[in-house]
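Visitor: Input structure: upload.csv, which contains CSV, C-alpha atoms.
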chain,number,residue,atom,x,y,z
C,71,MET,CA,105.4,56.4,122.0
C,72,PRO,CA,103.7,53.2,123.2
C,73,ASP,CA,99.9,53.0,123.1
C,74,ASP,CA,99.7,52.5,126.9
C,75,SER,CA,101.2,55.9,127.4
C,76,ASP,CA,98.8,57.4,124.8
C,77,GLU,CA,95.9,55.9,126.7
C,78,ALA,CA,97.2,57.2,129.9
C,79,VAL,CA,97.5,60.8,128.6
C,80,ARG,CA,94.1,60.5,127.0
C,81,ALA,CA,92.6,59.4,130.3
C,82,LEU,CA,94.4,62.1,132.1
C,83,PHE,CA,92.9,64.7,129.7
C,84,HIS,CA,89.4,63.4,130.3
C,85,ARG,CA,89.7,64.0,134.0
C,86,ILE,CA,88.7,67.7,133.7
C,87,ASP,CA,85.5,68.7,135.3
C,88,ASP,CA,82.5,70.4,133.6
C,89,GLY,CA,83.5,73.8,134.9
C,90,PRO,CA,81.1,76.6,135.9
C,91,PRO,CA,77.7,77.0,134.4
C,92,LEU,CA,77.7,78.2,130.8
C,93,ASP,CA,77.5,81.9,130.5
C,94,ILE,CA,77.1,82.2,126.7
C,95,ASP,CA,73.8,83.6,125.5
C,96,MET,CA,72.8,81.9,122.3
C,97,ARG,CA,70.4,84.7,121.3
C,98,GLU,CA,73.1,87.3,121.7
C,99,VAL,CA,75.5,85.3,119.6
C,100,MET,CA,72.8,85.0,116.8
C,101,ALA,CA,72.0,88.7,117.0
C,102,ASN,CA,75.7,89.7,116.7
C,103,GLY,CA,76.0,87.3,113.8
C,104,ARG,CA,73.1,88.8,112.0
C,105,ARG,CA,74.5,92.3,112.6
C,106,ILE,CA,77.8,91.2,111.1
C,107,ARG,CA,76.2,89.6,108.1
C,108,THR,CA,74.1,92.7,107.5
C,109,ARG,CA,77.1,95.0,107.7
C,110,ARG,CA,79.1,92.8,105.4
C,111,THR,CA,76.2,92.8,102.9
C,112,ARG,CA,75.9,96.6,103.0
C,113,LEU,CA,79.7,96.9,102.6
C,114,ALA,CA,79.6,94.6,99.6
C,115,VAL,CA,76.8,96.5,97.9
C,116,ALA,CA,78.5,99.8,98.6
C,117,SER,CA,81.8,98.5,97.3
C,118,SER,CA,80.2,97.2,94.1
C,119,ALA,CA,78.4,100.5,93.5
C,120,PHE,CA,81.6,102.4,94.0
C,121,ALA,CA,83.5,100.1,91.7
C,122,VAL,CA,80.9,100.6,89.0
C,123,VAL,CA,81.0,104.4,89.4
C,124,ALA,CA,84.8,104.4,89.3
C,125,ALA,CA,84.9,102.3,86.2
C,126,ALA,CA,82.4,104.6,84.5
C,127,ALA,CA,84.4,107.7,85.5
C,128,LEU,CA,87.6,106.1,84.1
C,129,VAL,CA,85.9,105.3,80.8
C,130,GLY,CA,84.5,108.8,80.6
C,131,LEU,CA,87.8,110.4,81.3
C,132,SER,CA,89.6,108.2,78.7
C,133,MET,CA,86.9,109.0,76.1
C,134,GLY,CA,86.9,112.7,76.7
C,135,GLY,CA,90.7,113.0,76.9
C,136,ASP,CA,91.0,112.3,73.2
C,137,VAL,CA,89.0,115.4,72.2
C,138,GLN,CA,90.7,117.8,74.5
C,139,THR,CA,94.2,117.0,73.4
C,140,PRO,CA,94.9,119.2,70.3
C,141,ASP,CA,98.6,119.0,70.7
C,142,LEU,CA,98.6,115.4,69.7
C,143,ARG,CA,100.0,115.0,66.2
C,144,PRO,CA,100.1,112.0,64.1
C,145,ALA,CA,103.4,110.4,63.8
C,146,THR,CA,105.6,111.8,61.0
C,147,SER,CA,105.9,109.4,58.1
C,148,PRO,CA,109.3,108.8,56.6
C,149,PRO,CA,110.2,111.1,53.8
C,150,SER,CA,109.0,109.9,50.5
C,151,PRO,CA,111.4,109.5,47.6
C,152,PRO,CA,111.5,112.5,45.2
C,153,THR,CA,109.3,112.0,42.3
C,154,THR,CA,110.3,113.2,38.8
C,155,PRO,CA,107.6,114.1,36.3
C,156,PRO,CA,107.6,112.1,33.2
C,157,ALA,CA,109.5,113.6,30.3
C,158,THR,CA,107.0,115.2,27.8
C,159,SER,CA,107.6,116.8,24.5
C,160,PRO,CA,106.3,120.4,24.2
C,161,VAL,CA,103.1,120.6,22.4
C,162,PRO,CA,102.9,123.5,19.9
C,163,PRO,CA,100.0,125.7,20.7
C,164,VAL,CA,97.3,126.1,18.2
C,165,THR,CA,96.7,129.7,17.1
C,166,GLY,CA,93.6,131.1,15.5
C,167,THR,CA,95.3,133.2,12.9
C,168,PRO,CA,97.0,131.3,10.1
C,169,PRO,CA,100.4,132.5,9.1
C,170,PRO,CA,100.6,134.8,6.0
C,171,VAL,CA,101.2,133.2,2.7
C,172,THR,CA,103.6,134.9,0.4
C,173,GLY,CA,103.4,134.0,-3.2
C,174,PRO,CA,106.1,134.7,-5.9
C,175,ALA,CA,103.5,136.4,-8.3
C,176,ASP,CA,103.0,139.1,-5.9
C,177,GLY,CA,105.1,141.9,-7.7
C,178,GLY,CA,103.8,145.0,-6.0
C,179,GLY,CA,104.4,146.0,-2.6
C,180,SER,CA,102.2,144.1,-0.3
C,181,PRO,CA,101.2,145.6,2.9
C,182,PRO,CA,103.1,144.6,5.8
C,183,THR,CA,101.7,141.7,7.7
C,184,GLY,CA,102.6,143.2,11.0
C,185,GLY,CA,99.6,145.3,11.4
C,186,PRO,CA,97.9,148.4,10.3
C,187,GLY,CA,100.7,150.7,11.2
C,188,GLY,CA,103.4,148.6,9.9
C,189,THR,CA,105.8,150.3,12.2
C,190,GLY,CA,106.6,147.6,14.7
C,191,PRO,CA,107.4,144.1,14.5
C,192,ALA,CA,104.6,141.6,14.2
C,193,PRO,CA,103.2,140.5,17.5
C,194,ASN,CA,104.2,137.1,18.6
C,195,THR,CA,101.3,134.9,18.1
C,196,GLY,CA,103.1,131.9,19.3
C,197,GLY,CA,104.0,130.8,15.9
C,198,ASP,CA,107.7,130.6,16.4
C,199,VAL,CA,108.1,127.2,15.1
C,200,PRO,CA,108.9,127.4,11.4
C,201,ARG,CA,106.9,125.3,9.1
C,202,PRO,CA,108.3,123.8,6.0
C,203,GLY,CA,107.7,125.8,2.9
C,204,THR,CA,106.9,128.9,4.8
C,205,THR,CA,108.9,131.7,6.1
C,206,ALA,CA,108.4,133.4,9.3
C,207,THR,CA,109.2,136.9,7.9
C,208,SER,CA,108.4,138.4,4.6
C,209,ASN,CA,111.2,139.2,2.4
C,210,GLY,CA,109.6,142.3,1.0
C,211,GLY,CA,110.1,141.4,-2.6
C,212,GLY,CA,108.5,144.5,-3.9
C,213,ALA,CA,110.7,146.7,-1.8
C,214,ALA,CA,113.7,145.0,-3.2
C,215,GLY,CA,112.8,146.0,-6.8
Y,80,MET,CA,66.9,94.1,109.3
Y,81,SER,CA,69.3,92.4,111.6
Y,82,LYS,CA,66.5,91.4,114.0
Y,83,GLU,CA,64.8,89.2,111.5
Y,84,PRO,CA,65.5,85.6,112.2
Y,85,SER,CA,67.5,83.7,109.6
Y,86,SER,CA,66.4,80.5,107.9
Y,87,PHE,CA,69.1,78.5,109.6
Y,88,ASP,CA,68.5,79.8,113.2
Y,89,GLY,CA,66.8,76.5,114.2
Y,90,GLU,CA,69.7,74.4,112.9
Y,91,PHE,CA,72.2,76.6,114.6
Y,92,SER,CA,70.3,76.5,117.9
Y,93,GLU,CA,70.4,72.7,117.9
Y,94,TYR,CA,74.1,72.6,117.1
Y,95,PHE,CA,74.8,75.2,119.8
Y,96,ALA,CA,73.0,73.2,122.5
Y,97,ALA,CA,74.7,70.0,121.5
Y,98,ARG,CA,78.3,71.2,121.0
Y,99,VAL,CA,79.0,74.3,123.0
Y,100,HIS,CA,80.1,72.4,126.2
Y,101,ALA,CA,82.6,70.3,124.3
Y,102,LEU,CA,84.0,73.3,122.6
Y,103,ARG,CA,84.3,75.2,125.9
Y,104,SER,CA,86.1,72.2,127.4
Y,105,THR,CA,88.5,72.2,124.5
Y,106,ALA,CA,89.1,75.9,124.9
Y,107,TYR,CA,89.6,75.4,128.7
Y,108,LEU,CA,92.3,72.8,128.1
Y,109,LEU,CA,94.0,75.1,125.7
Y,110,CYS,CA,94.0,78.2,127.8
Y,111,GLY,CA,93.4,76.9,131.4
Y,112,ASP,CA,90.9,79.6,132.3
Y,113,TRP,CA,87.1,79.1,132.2
Y,114,HIS,CA,86.3,82.7,131.5
Y,115,ARG,CA,88.8,83.0,128.7
Y,116,ALA,CA,87.5,79.7,127.4
Y,117,GLU,CA,84.0,81.1,127.3
Y,118,ASP,CA,85.2,84.1,125.3
Y,119,ILE,CA,87.0,81.8,122.8
Y,120,THR,CA,83.9,79.6,122.5
Y,121,GLN,CA,81.6,82.6,122.1
Y,122,LEU,CA,83.8,83.9,119.3
Y,123,ALA,CA,84.0,80.5,117.6
Y,124,MET,CA,80.2,80.2,117.7
Y,125,LEU,CA,79.8,83.7,116.3
Y,126,ARG,CA,82.1,82.9,113.4
Y,127,LEU,CA,80.3,79.7,112.9
Y,128,TYR,CA,77.0,81.5,112.7
Y,129,VAL,CA,78.3,84.0,110.2
Y,130,ALA,CA,79.8,81.3,108.0
Y,131,TRP,CA,76.8,78.9,108.4
Y,132,PRO,CA,75.3,79.6,104.9
Y,133,ARG,CA,78.6,78.9,103.3
Y,134,LEU,CA,79.2,75.6,105.1
Y,135,ALA,CA,77.7,73.3,102.5
Y,136,ARG,CA,79.0,70.2,104.3
Y,137,ARG,CA,77.2,70.0,107.5
Y,138,ASP,CA,79.4,67.1,108.7
Y,139,ALA,CA,82.3,69.6,108.7
Y,140,LEU,CA,80.8,71.8,111.3
Y,141,ASP,CA,82.7,70.2,114.2
Y,142,ALA,CA,86.0,70.5,112.4
Y,143,TYR,CA,85.3,74.1,111.5
Y,144,ALA,CA,84.3,75.1,115.1
Y,145,ARG,CA,87.3,73.2,116.5
Y,146,ARG,CA,89.6,75.0,114.0
Y,147,VAL,CA,88.2,78.4,115.0
Y,148,VAL,CA,88.7,77.6,118.7
Y,149,VAL,CA,92.3,76.5,118.2
Y,150,ARG,CA,93.2,79.4,115.9
Y,151,THR,CA,91.6,82.0,118.1
Y,152,PHE,CA,93.6,80.6,121.1
Y,153,LEU,CA,96.8,80.7,119.1
Y,154,ALA,CA,96.1,84.2,117.7
Y,155,GLU,CA,95.3,85.5,121.2
Y,156,ASN,CA,98.6,84.1,122.4
Y,157,ARG,CA,100.5,85.8,119.6
Y,158,ARG,CA,98.8,89.1,120.2
Y,159,SER,CA,98.9,89.3,123.9
Y,160,ARG,CA,102.2,87.8,125.0
Y,161,TRP,CA,101.9,89.7,128.3
Y,162,ARG,CA,99.0,87.5,129.3
Y,163,ARG,CA,100.9,84.3,128.7
Y,164,GLU,CA,102.3,82.5,131.7
Y,165,GLN,CA,106.0,82.6,132.1
Y,166,LEU,CA,107.7,79.3,131.4
Y,167,THR,CA,110.3,78.3,134.0
Y,168,ASP,CA,112.5,75.4,134.4
Y,169,ALA,CA,111.5,74.8,138.0
Y,170,PRO,CA,109.4,71.7,138.6
Y,171,PRO,CA,105.8,72.3,139.8
Y,172,ASP,CA,105.2,72.5,143.5
Y,173,THR,CA,104.5,69.4,145.4
Y,174,VAL,CA,100.8,68.9,145.7
Y,175,THR,CA,98.9,67.5,148.6
Y,176,THR,CA,96.7,64.5,147.9
Y,177,THR,CA,93.9,65.2,150.3
Y,178,ASP,CA,91.4,66.2,147.5
Y,179,ARG,CA,92.4,64.0,144.7
Y,180,ASP,CA,90.1,65.2,142.0
Y,181,GLY,CA,90.9,68.9,142.7
Y,182,THR,CA,94.5,68.2,143.0
Y,183,GLU,CA,94.7,66.3,139.7
Y,184,ARG,CA,92.9,69.1,137.9
Y,185,LEU,CA,95.1,71.7,139.4
Y,186,LEU,CA,98.2,69.8,138.6
Y,187,LEU,CA,97.0,69.1,135.1
Y,188,ASN,CA,96.3,72.8,134.5
Y,189,ARG,CA,99.7,73.8,135.8
Y,190,VAL,CA,101.5,71.3,133.8
Y,191,LEU,CA,99.6,72.1,130.6
Y,192,ALA,CA,100.3,75.8,131.2
Y,193,ALA,CA,104.0,74.9,131.1
Y,194,VAL,CA,103.7,73.4,127.6
Y,195,PRO,CA,104.1,75.9,124.7
Y,196,PRO,CA,100.8,76.8,123.1
Y,197,LYS,CA,101.4,75.1,119.8
Y,198,GLN,CA,102.4,71.8,121.5
Y,199,ARG,CA,99.5,72.2,123.8
Y,200,ALA,CA,97.1,72.6,120.9
Y,201,VAL,CA,98.5,69.4,119.3
Y,202,LEU,CA,98.1,67.5,122.6
Y,203,VAL,CA,94.6,68.7,123.2
Y,204,LEU,CA,93.5,67.9,119.6
Y,205,ARG,CA,95.2,64.5,119.7
Y,206,TYR,CA,94.3,63.2,123.1
Y,207,TRP,CA,91.2,65.2,124.1
Y,208,ASN,CA,89.4,65.5,120.8
Y,209,ASP,CA,90.7,62.1,119.7
Y,210,LEU,CA,91.8,63.3,116.3
Y,211,SER,CA,94.2,61.5,114.1
Y,212,VAL,CA,97.6,62.9,113.1
Y,213,ASP,CA,96.2,63.9,109.7
Y,214,GLU,CA,93.2,65.6,111.2
Y,215,VAL,CA,95.4,67.5,113.6
Y,216,ALA,CA,97.6,68.6,110.7
Y,217,GLY,CA,94.5,69.8,108.9
Y,218,VAL,CA,93.3,71.8,111.8
Y,219,LEU,CA,96.7,73.4,112.4
Y,220,ARG,CA,97.5,73.6,108.7
Y,221,CYS,CA,100.9,72.0,109.1
Y,222,SER,CA,102.5,68.8,108.1
Y,223,THR,CA,102.0,65.4,109.8
Y,224,GLY,CA,105.7,65.4,110.7
Y,225,THR,CA,105.3,68.7,112.5
Y,226,VAL,CA,102.3,67.3,114.4
Y,227,LYS,CA,104.3,64.2,115.5
Y,228,SER,CA,107.3,66.2,116.6
Y,229,GLN,CA,105.2,68.7,118.5
Y,230,ALA,CA,103.2,65.9,120.2
Y,231,ALA,CA,106.4,64.2,121.2
Y,232,ARG,CA,107.9,67.4,122.6
Y,233,GLY,CA,104.7,68.2,124.4
Y,234,LEU,CA,104.5,64.7,126.0
Y,235,ALA,CA,108.1,65.0,127.0
Y,236,THR,CA,107.3,68.3,128.7
Y,237,LEU,CA,104.3,66.8,130.4
Y,238,ARG,CA,106.3,63.9,131.7
Y,239,GLN,CA,109.1,66.1,132.9
Y,240,ARG,CA,106.7,68.5,134.7
Y,241,LEU,CA,104.6,65.8,136.3
Y,242,GLY,CA,107.7,63.9,137.4
Y,243,PRO,CA,106.8,61.1,139.8
Y,244,HIS,CA,103.1,62.1,139.6
Y,245,TYR,CA,102.8,61.0,136.0
Y,246,ALA,CA,102.5,57.3,136.6
Y,247,GLU,CA,100.3,57.9,139.6
Y,248,LEU,CA,98.0,60.2,137.8
Y,249,SER,CA,97.8,57.9,134.8
Y,250,ALA,CA,96.9,55.0,137.1
Y,251,ILE,CA,94.3,57.1,138.9
Y,252,SER,CA,92.9,58.3,135.5
Y,253,GLU,CA,92.7,54.7,134.2
Y,254,ARG,CA,90.9,53.6,137.4
Y,255,GLY,CA,88.6,56.6,137.1
Y,256,GLY,CA,87.9,55.9,133.5
Y,257,ASP,CA,87.0,52.3,134.4
Y,258,ARG,CA,84.7,53.7,137.1
Y,259,HIS,CA,83.0,56.1,134.7
Y,260,ALA,CA,82.7,53.3,132.1
Y,261,ARG,CA,80.8,51.2,134.6
Can you give me the file's structure in the form of structure tokens?
Guide:
Amino acid sequence: MPDDSDEAVRALFHRIDDGPPLDIDMREVMANGRRIRTRRTRLAVASSAFAVVAAAALVGLSMGGDVQTPDLRPATSPPSPPTTPPATSPVPPVTGTPPPVTGPADGGGSPPTGGPGGTGPAPNTGGDVPRPGTTATSNGGGAAG
Amino acid sequence: MSKEPSSFDGEFSEYFAARVHALRSTAYLLCGDWHRAEDITQLAMLRLYVAWPRLARRDALDAYARRVVVRTFLAENRRSRWRREQLTDAPPDTVTTTDRDGTERLLLNRVLAAVPPKQRAVLVLRYWNDLSVDEVAGVLRCSTGTVKSQAARGLATLRQRLGPHYAELSAISERGGDRHAR
């Protein structure tokens, strides 16, 4: 659009009059503005306080929730491989009573080693393991003669 | 608490006294009604007072106030479409030329009312407030291309509505401008 036309429109717009007297009260505008700013300030303070309380309540709930949940179980670990005990040789027990010694010079009948009654077998003292040079049971040489 | 004066009340009073008439004229050109223009201007001043502490750049006060006026006008037009004047294709009535000033103003108001609000806002900012295309785009938050297209369409509507009166009014306005300049 040419500049002459722009100037014509501009001059046309500037032909408006001043209009009626101004009916805007500046003090009323300022009072309303102060009221709005006060209300916004109070709203901001209240919102901030509410946010703090809500955050504290959430933290409290999350902390207390752990104590009041007994059903929670730890995750099951994968089954461990079966363990085999190490192979150990049996250790012979040590007994307090030495085994009876039978000598060849003993011609007479010796009392039985089983006990005072001599009626039953000798009690097992755990000496089942034979030792070299010894016999677990007496031959009863005197009885044989 | 709200009755205590603020620290910037003095600055705001000075600005109010200096700029309220220009803002009301801008609002009047936008809406075509002095009472509605006062409402828009009062709302703009109220928002300016509330935002005053945040406005660090004091040279941007005019731009902020103008932006509030234009946006308030456009928002009111969007909200209350029933209050908008109905656009018709019929040319304006032939005006008598007995009272030239009054006739010109009446004709200008009627023609401006026929221009859509967005185009009217562009025309007012461009030719009444003497803003550049970039500044108008900043006020309306649109591109410069949109401002140019809206201005062209608005001027075309003005010319079409004014018809044969356009050249006459322009000549009268130029003569009046020269008279006022002297």
Visitor: Find the residues with any atom within 7 Å of (99.8, 63.0, 128.5); use all atoms listed in the file and the coordinates as given in the file, and write the answer as a list of chain:residue names.
Guide: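 Here the neighbourhood of the point contains C:Asp76, C:Ala78, C:Val79, C:Arg80, C:Leu82, Y:Leu234, Y:Leu237.
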Visitor: Kindly export the residues of the current selection with C-alpha atoms, as a compact mmCIF listing (two decimals), in the coordinates of the input.
Guide:
# COMPACT_ATOMS: atom_id res chain seq x y z
CA ASP C 76 98.80 57.40 124.80
CA ALA C 78 97.20 57.20 129.90
CA VAL C 79 97.50 60.80 128.60
CA ARG C 80 94.10 60.50 127.00
CA LEU C 82 94.40 62.10 132.10
CA LEU Y 234 104.50 64.70 126.00
CA LEU Y 237 104.30 66.80 130.40
Visitor: Find the residues of chain C in contact range of chain Y, meaning any atom within 8 Å when counting only C-alpha atoms, and list them as a PyMOL selection string.
Guide: chain C and resi 71+76+78-90+92-94+96+99-108
Visitor: Enter the distance from CA of Arg137 in chain Y to CA of Thr105 in chain Y, in Å, rounded to one decimal.
Guide: 20.5 Å
Visitor: Work out how far CA of Val194 in chain Y is from CA of Pro91 in chain C, in Å to one decimal.
Guide: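 About the pair CA of Pro91 in chain C and CA of Val194 in chain Y: they are 27.1 Å apart.
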Visitor: For the atom pair CA of Arg157 in chain Y and CA of Pro196 in chain Y, what is the interatomic distance in Å to one decimal place?
Guide: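 Result for CA of Arg157 in chain Y versus CA of Pro196 in chain Y: 9.7 Å, one decimal.
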